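To start, the structure under review is shown below, and the notes come after it.
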Amino acid sequence: MRDEGAFDSRELRESYELCAAQVREVIAPMWRATESLPSTIRPHVHAVHGFLVRTDHIADENDSSVERERLLVRWRDETFEELRIGRSDHPLRRAYVDTVLRWEVDHGVIEEFFEAMVADCVSPPVFETFADQRRYLRGVAGTVFEMWAPMVGARTPEAKAAISALGEVCQMVDVFEDLPADLTAGRCYLPRADLRESGLGPDDLRRGDRLEALDELVAVQLDRWRDLLELAAPVPGMVDPECHVFLRGLLLGAHLQFDEVALRRSQVFTDGIEPLVSAEGVVRRPARPQTGGVPDHVAVIMDGNRRWAAARGLPPHQGHHAGEWAAVRLVNAALRLGVRHLSIYAFSTENWQRSQEELGALFESLGDGIALGIEWLHELGVRVRWCGRRDRLEPSLASSLMLVESMTSNNDVLSLTLCLDYGGREELVGAARALAAEAVAGTILPEEIGPADLARNLYVPDLPDVDLLIRTSGEQRISNFLPWHLAYAEMVFDPTPWPDFDLERLRQAITAYSGRRRRFGGGLPHPTRSAEPARFT
């Protein structure tokens, strides 16, 4: 029977604290995500991952494979003996044993974990197929995530399977973060069949000089990764509500590292990728703008959440939640590609016509998005601004948005404008009324009114003109979005449903933009570049 009471002794409390310290030092992203869990659950999840850290250290700490196996088998046997007698005197294992007993963790899952760890420490793994690779990912990470499944409320077989898939996803992240070191040590965690299909061997990966073939191999691995993400995507909706942010944070981190691999491609074999978070905080990565020019201001109409959900047999609210993660990914993609201003159409004045149920889901997802991303965005230097009416949103959400504006007001790496309860015509009418009032008061003459006067009465007076407008999900209209600022914008219409829009799609849109010749009403069209808006397939 689960017991969520206080720890029984000072030694037990110190053991839990030791586990948390181990996690913070070695796998800081997991420590940071776990901190979002309720206090009754958090120490136990730290205990599981602290035990993983120590077990992994034992599996790697000796140059002799025979000695590594001996030490790991002894650690395994001592663990199971302590689980049998119901207590431990080991300073770190004490918390793990207590957690397993409190939460009735399946011992079969622990046995599966040790079986995979022992096999990995004896000799470098060789995966012939993706199925072989998945068995490894499941063994060393899926099992660990399944150990804390009961703590977050994953009670059904489907929920446990989704959490295991999330563990596999996170282990895939680890594979790419450690690629250079593992290849140097003679360990290749990619399927050999995939290498042969690209005409490559492990030595080619270490050298990193066959760029086209390496890019092809990365593309194949990203397809595998995407499939795993699809399996893990439903997991936040399968757990207790207070654990949603934790699971969404893990999924978001995996998506951001996916995008980073897509950005670096063949370079990951020689450079790897940094973890998103260190013990000191969020890692700031320098922008990697592509050749050909980057638009200063990108605006995005995020369309297709409901269609994305319907295609997967999910309720609309899950599409809106997935859309919020995609919005955070978009900000990261803009930072990585060197965009300076980003505006997103989060909620229009016309969206009030939707059902109360859907409106509730929309606002809940917006609130979750703020909770999930604001600290991270602030640490990356993102300034957040709210563009739209401020008198109709639920007070707590409006207060959160204004707090975010205040918190990030001095940031200058990227300006993110959230167009929320926004309508372009209503904005222009409001600006016209303000100018009319000035004229009546005699502070401005009607014949002196110019574009700058109207602009200073808009919701965000210093918002620059849009260079590139992107609309997802195949629709080809601007839907009352930033009409003043879109006067000379280039437009790209992408058929991808918004939740699937990622860094690669943004990069393709920027490539299309950089291939245009912008005339701003003058000059002749470039003879080899179409004036038609791009339509991706």
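Following the order of the structure tokens, chains are lettered A, B, ..., residues in each are numbered from 1, and ligands are numbered from 1.
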
Requested in this report: DSSP on the backbone, then: every residue of region 290-437 of chain A marked strand (DSSP E or B), written as a PyMOL selection string.
Outcome: chain A and resi 297-301+341-348+382-387+414-422

Requested write-out: N, CA and C atoms of the selected residues, as an mmCIF file, in the first residue's frame:
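To be explicit, this is the file written out as selection-v3.cif:
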data_model
loop_
_atom_site.group_PDB
_atom_site.id
_atom_site.type_symbol
_atom_site.label_atom_id
_atom_site.label_comp_id
_atom_site.auth_asym_id
_atom_site.auth_seq_id
_atom_site.Cartn_x
_atom_site.Cartn_y
_atom_site.Cartn_z
ATOM 1 N N HIS A 297 11.721 39.803 -38.756
ATOM 2 C CA HIS A 297 10.452 39.597 -38.055
ATOM 3 C C HIS A 297 9.657 38.509 -38.762
ATOM 4 N N VAL A 298 9.427 37.417 -38.063
ATOM 5 C CA VAL A 298 8.623 36.302 -38.564
ATOM 6 C C VAL A 298 7.316 36.271 -37.783
ATOM 7 N N ALA A 299 6.204 36.203 -38.487
ATOM 8 C CA ALA A 299 4.880 36.068 -37.861
ATOM 9 C C ALA A 299 4.275 34.740 -38.284
ATOM 10 N N VAL A 300 3.584 34.077 -37.364
ATOM 11 C CA VAL A 300 3.079 32.731 -37.632
ATOM 12 C C VAL A 300 1.618 32.627 -37.222
ATOM 13 N N ILE A 301 0.792 32.151 -38.167
ATOM 14 C CA ILE A 301 -0.593 31.771 -37.865
ATOM 15 C C ILE A 301 -0.589 30.270 -37.596
ATOM 16 N N HIS A 341 12.652 38.967 -34.136
ATOM 17 C CA HIS A 341 11.280 39.250 -33.708
ATOM 18 C C HIS A 341 10.377 38.110 -34.182
ATOM 19 N N LEU A 342 9.558 37.617 -33.278
ATOM 20 C CA LEU A 342 8.642 36.527 -33.592
ATOM 21 C C LEU A 342 7.268 36.876 -33.034
ATOM 22 N N SER A 343 6.245 36.832 -33.880
ATOM 23 C CA SER A 343 4.865 37.081 -33.449
ATOM 24 C C SER A 343 4.030 35.860 -33.771
ATOM 25 N N ILE A 344 3.225 35.419 -32.815
ATOM 26 C CA ILE A 344 2.395 34.241 -33.032
ATOM 27 C C ILE A 344 0.936 34.574 -32.705
ATOM 28 N N TYR A 345 0.049 34.031 -33.535
ATOM 29 C CA TYR A 345 -1.394 34.267 -33.406
ATOM 30 C C TYR A 345 -1.945 33.201 -32.480
ATOM 31 N N ALA A 346 -2.044 33.526 -31.189
ATOM 32 C CA ALA A 346 -2.425 32.532 -30.196
ATOM 33 C C ALA A 346 -3.934 32.408 -30.021
ATOM 34 N N PHE A 347 -4.670 33.544 -30.155
ATOM 35 C CA PHE A 347 -6.124 33.514 -29.953
ATOM 36 C C PHE A 347 -6.700 34.779 -30.575
ATOM 37 N N SER A 348 -7.642 34.600 -31.493
ATOM 38 C CA SER A 348 -8.207 35.748 -32.207
ATOM 39 C C SER A 348 -9.508 36.209 -31.555
ATOM 40 N N VAL A 382 14.612 35.958 -23.836
ATOM 41 C CA VAL A 382 13.447 36.258 -24.665
ATOM 42 C C VAL A 382 12.569 37.288 -23.956
ATOM 43 N N ARG A 383 12.210 38.332 -24.682
ATOM 44 C CA ARG A 383 11.260 39.321 -24.175
ATOM 45 C C ARG A 383 9.870 38.948 -24.679
ATOM 46 N N VAL A 384 8.901 38.852 -23.782
ATOM 47 C CA VAL A 384 7.537 38.471 -24.138
ATOM 48 C C VAL A 384 6.630 39.693 -24.041
ATOM 49 N N ARG A 385 5.796 39.897 -25.090
ATOM 50 C CA ARG A 385 4.831 40.999 -25.079
ATOM 51 C C ARG A 385 3.462 40.479 -25.492
ATOM 52 N N TRP A 386 2.437 41.089 -24.944
ATOM 53 C CA TRP A 386 1.045 40.710 -25.228
ATOM 54 C C TRP A 386 0.459 41.765 -26.151
ATOM 55 N N CYS A 387 -0.019 41.303 -27.308
ATOM 56 C CA CYS A 387 -0.646 42.183 -28.300
ATOM 57 C C CYS A 387 -2.111 41.777 -28.443
ATOM 58 N N LEU A 414 15.614 37.927 -28.240
ATOM 59 C CA LEU A 414 14.481 37.721 -29.150
ATOM 60 C C LEU A 414 13.257 38.375 -28.529
ATOM 61 N N SER A 415 12.476 39.058 -29.353
ATOM 62 C CA SER A 415 11.216 39.642 -28.904
ATOM 63 C C SER A 415 10.071 38.761 -29.384
ATOM 64 N N LEU A 416 9.321 38.176 -28.447
ATOM 65 C CA LEU A 416 8.193 37.299 -28.749
ATOM 66 C C LEU A 416 6.898 38.044 -28.460
ATOM 67 N N THR A 417 6.088 38.237 -29.477
ATOM 68 C CA THR A 417 4.810 38.923 -29.330
ATOM 69 C C THR A 417 3.686 37.901 -29.404
ATOM 70 N N LEU A 418 2.944 37.770 -28.309
ATOM 71 C CA LEU A 418 1.795 36.862 -28.258
ATOM 72 C C LEU A 418 0.545 37.654 -28.639
ATOM 73 N N CYS A 419 -0.013 37.352 -29.780
ATOM 74 C CA CYS A 419 -1.244 38.011 -30.226
ATOM 75 C C CYS A 419 -2.412 37.222 -29.648
ATOM 76 N N LEU A 420 -2.965 37.742 -28.580
ATOM 77 C CA LEU A 420 -3.943 37.020 -27.776
ATOM 78 C C LEU A 420 -5.171 37.900 -27.585
ATOM 79 N N ASP A 421 -6.351 37.344 -27.930
ATOM 80 C CA ASP A 421 -7.576 38.135 -28.061
ATOM 81 C C ASP A 421 -7.302 39.308 -28.998
ATOM 82 N N TYR A 422 -6.749 38.940 -30.143
ATOM 83 C CA TYR A 422 -6.310 39.934 -31.119
ATOM 84 C C TYR A 422 -7.177 39.867 -32.372
#

Got a sec: who's within 7 Å of Leu276 (chain A), counting only C-alpha atoms, leaving out chain neighbours fewer than 4 positions off, as a tab-separated table (two decimals) with C-alpha atoms, in the first residue's frame?
chain	number	residue	atom	x	y	z
A	29	PRO	CA	17.65	18.35	-17.22
A	282	VAL	CA	19.69	26.80	-19.10
A	283	VAL	CA	22.42	26.51	-21.74

Query raised in the report: What lies within 9 Å of Arg285 (chain A) using only C-alpha atoms, ignoring chain neighbours under 4 positions off, as a PyMOL selection string?
Result: chain A and resi 274+335-336+380

Query - Residue set, region 302-386 of chain A restricted to alpha helix (DSSP H), as a ChimeraX atom specification - result: /A:305-311,316-337,356-379

Report task. Pick out the residues sitting within 8 Å of region 498-508 of chain A, and hand them over as a VMD selection string; count only C-alpha atoms, and ignore anything fewer than 3 positions along from it in its own chain. Result -> chain A and resid 259 262 to 263 302 to 305 308 319 322 to 326 329 to 330 333 to 334 337 472 to 473 511 to 512

What would the file look like if the residues just selected were written as an mmCIF file, in the first residue's frame with N, CA and C atoms?
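Done, and the output landed in part.cif:
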data_model
loop_
_atom_site.group_PDB
_atom_site.id
_atom_site.type_symbol
_atom_site.label_atom_id
_atom_site.label_comp_id
_atom_site.auth_asym_id
_atom_site.auth_seq_id
_atom_site.Cartn_x
_atom_site.Cartn_y
_atom_site.Cartn_z
ATOM 1 N N ASP A 259 15.198 18.839 -32.641
ATOM 2 C CA ASP A 259 15.408 19.968 -33.553
ATOM 3 C C ASP A 259 16.884 20.337 -33.652
ATOM 4 N N ALA A 262 18.486 17.995 -35.986
ATOM 5 C CA ALA A 262 18.077 18.354 -37.350
ATOM 6 C C ALA A 262 18.850 19.571 -37.851
ATOM 7 N N LEU A 263 19.183 20.501 -36.961
ATOM 8 C CA LEU A 263 19.936 21.689 -37.349
ATOM 9 C C LEU A 263 21.390 21.353 -37.647
ATOM 10 N N MET A 302 -0.801 29.906 -36.342
ATOM 11 C CA MET A 302 -0.658 28.512 -35.904
ATOM 12 C C MET A 302 -1.988 27.786 -36.106
ATOM 13 N N ASP A 303 -2.127 27.140 -37.246
ATOM 14 C CA ASP A 303 -3.410 26.542 -37.623
ATOM 15 C C ASP A 303 -3.272 25.029 -37.701
ATOM 16 N N GLY A 304 -4.321 24.305 -37.280
ATOM 17 C CA GLY A 304 -4.364 22.863 -37.482
ATOM 18 C C GLY A 304 -4.347 22.017 -36.229
ATOM 19 N N ASN A 305 -4.488 22.634 -35.049
ATOM 20 C CA ASN A 305 -4.474 21.836 -33.812
ATOM 21 C C ASN A 305 -5.595 20.797 -33.778
ATOM 22 N N TRP A 308 -5.065 18.042 -36.331
ATOM 23 C CA TRP A 308 -3.999 17.142 -35.871
ATOM 24 C C TRP A 308 -4.564 16.131 -34.872
ATOM 25 N N GLY A 319 -5.006 18.430 -28.986
ATOM 26 C CA GLY A 319 -4.379 19.157 -30.088
ATOM 27 C C GLY A 319 -3.908 20.531 -29.649
ATOM 28 N N ALA A 322 -0.776 20.094 -27.599
ATOM 29 C CA ALA A 322 0.360 19.832 -28.484
ATOM 30 C C ALA A 322 0.782 21.100 -29.216
ATOM 31 N N GLY A 323 -0.195 21.945 -29.540
ATOM 32 C CA GLY A 323 0.118 23.209 -30.202
ATOM 33 C C GLY A 323 0.915 24.148 -29.316
ATOM 34 N N GLU A 324 0.669 24.116 -28.008
ATOM 35 C CA GLU A 324 1.442 24.956 -27.097
ATOM 36 C C GLU A 324 2.899 24.515 -27.046
ATOM 37 N N TRP A 325 3.136 23.188 -27.060
ATOM 38 C CA TRP A 325 4.527 22.716 -27.080
ATOM 39 C C TRP A 325 5.199 23.174 -28.365
ATOM 40 N N ALA A 326 4.438 23.098 -29.486
ATOM 41 C CA ALA A 326 5.008 23.514 -30.764
ATOM 42 C C ALA A 326 5.370 24.991 -30.752
ATOM 43 N N ARG A 329 8.634 25.282 -29.063
ATOM 44 C CA ARG A 329 9.654 24.809 -30.007
ATOM 45 C C ARG A 329 9.946 25.863 -31.064
ATOM 46 N N LEU A 330 8.910 26.569 -31.507
ATOM 47 C CA LEU A 330 9.102 27.606 -32.514
ATOM 48 C C LEU A 330 10.014 28.713 -31.985
ATOM 49 N N ALA A 333 13.443 27.455 -32.147
ATOM 50 C CA ALA A 333 13.914 27.410 -33.535
ATOM 51 C C ALA A 333 14.283 28.802 -34.029
ATOM 52 N N ALA A 334 13.471 29.801 -33.674
ATOM 53 C CA ALA A 334 13.775 31.174 -34.074
ATOM 54 C C ALA A 334 15.086 31.641 -33.453
ATOM 55 N N LEU A 337 18.005 29.997 -35.303
ATOM 56 C CA LEU A 337 18.200 30.438 -36.685
ATOM 57 C C LEU A 337 18.469 31.935 -36.800
ATOM 58 N N THR A 472 0.314 27.632 -41.171
ATOM 59 C CA THR A 472 0.393 26.179 -41.260
ATOM 60 C C THR A 472 -0.964 25.576 -41.621
ATOM 61 N N SER A 473 -0.939 24.278 -41.860
ATOM 62 C CA SER A 473 -2.132 23.461 -42.103
ATOM 63 C C SER A 473 -2.808 23.731 -43.441
ATOM 64 N N THR A 511 14.349 29.635 -46.030
ATOM 65 C CA THR A 511 15.026 29.430 -47.317
ATOM 66 C C THR A 511 14.180 29.978 -48.457
ATOM 67 N N ALA A 512 12.867 29.726 -48.408
ATOM 68 C CA ALA A 512 11.974 30.268 -49.435
ATOM 69 C C ALA A 512 11.999 31.796 -49.403
#

Report task. Rank A:Glu81, A:Glu358, A:Glu35, A:Glu146 by their smallest atom-to-atom distance to Val109 (chain A), using only C-alpha atoms, and report the top residue only. Result ->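 Answer, going by the shortest atom-to-atom distance: A:Glu146.
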
Query raised in the report: Excluding same-chain residues fewer than 5 positions from Ala193 (chain A), what lies within 12 Å of it counting only C-alpha atoms, as a list of chain:residue names?
Result: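 Returned residues: A:Val126, A:Phe127, A:Glu128, A:Thr129, A:Phe130, A:Ala131, A:Asp132, A:Gln133, A:Ser198, A:Gly199, A:Leu200, A:Gly201, A:Pro202, A:Leu217, A:Val220, A:Gln221.
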
Determine, using only C-alpha atoms, which residues of region 29-60 of chain A have any atom at most 12 Å from an atom of region 362-374 of chain A, and tabulate each with its shortest atom pair and distance in Å to one decimal place, rows ordered by chain and then rising number, as CSV.
residue,atom,partner,partner_atom,distance
A:Arg32,CA,A:Leu372,CA,11.4
A:Ala33,CA,A:Leu372,CA,9.6
A:Glu35,CA,A:Leu372,CA,11.9
A:Ser36,CA,A:Leu372,CA,9.2

Report summary line: One decimal place gives the CA of Gly167 (chain A)-CA of Glu69 (chain A) separation as 24.0 Å

Report task. Mind checking which residues fall within 12 Å of region 240-242 of chain A, counting only C-alpha atoms, ignoring those fewer than 5 positions away in the same chain, and posting them as a list in words? Result -> Thr34, Ser36, Leu37, Pro38, Ser39, Thr40, Ile41, Arg42, Ala149, Pro150, Met151, Val152, Gly153, Ala154, Arg155, Ala159, Val235, Leu247, Arg248, Glu364 and Asp368 of chain A

Report task. Can you work out which one of A:Ile85, A:Ile163, A:Ala361, A:Val73 has the shortest atom-to-atom distance to Phe114 (chain A), counting only C-alpha atoms? Result ->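 Smallest distance to Phe114 (chain A) is found for A:Val73.
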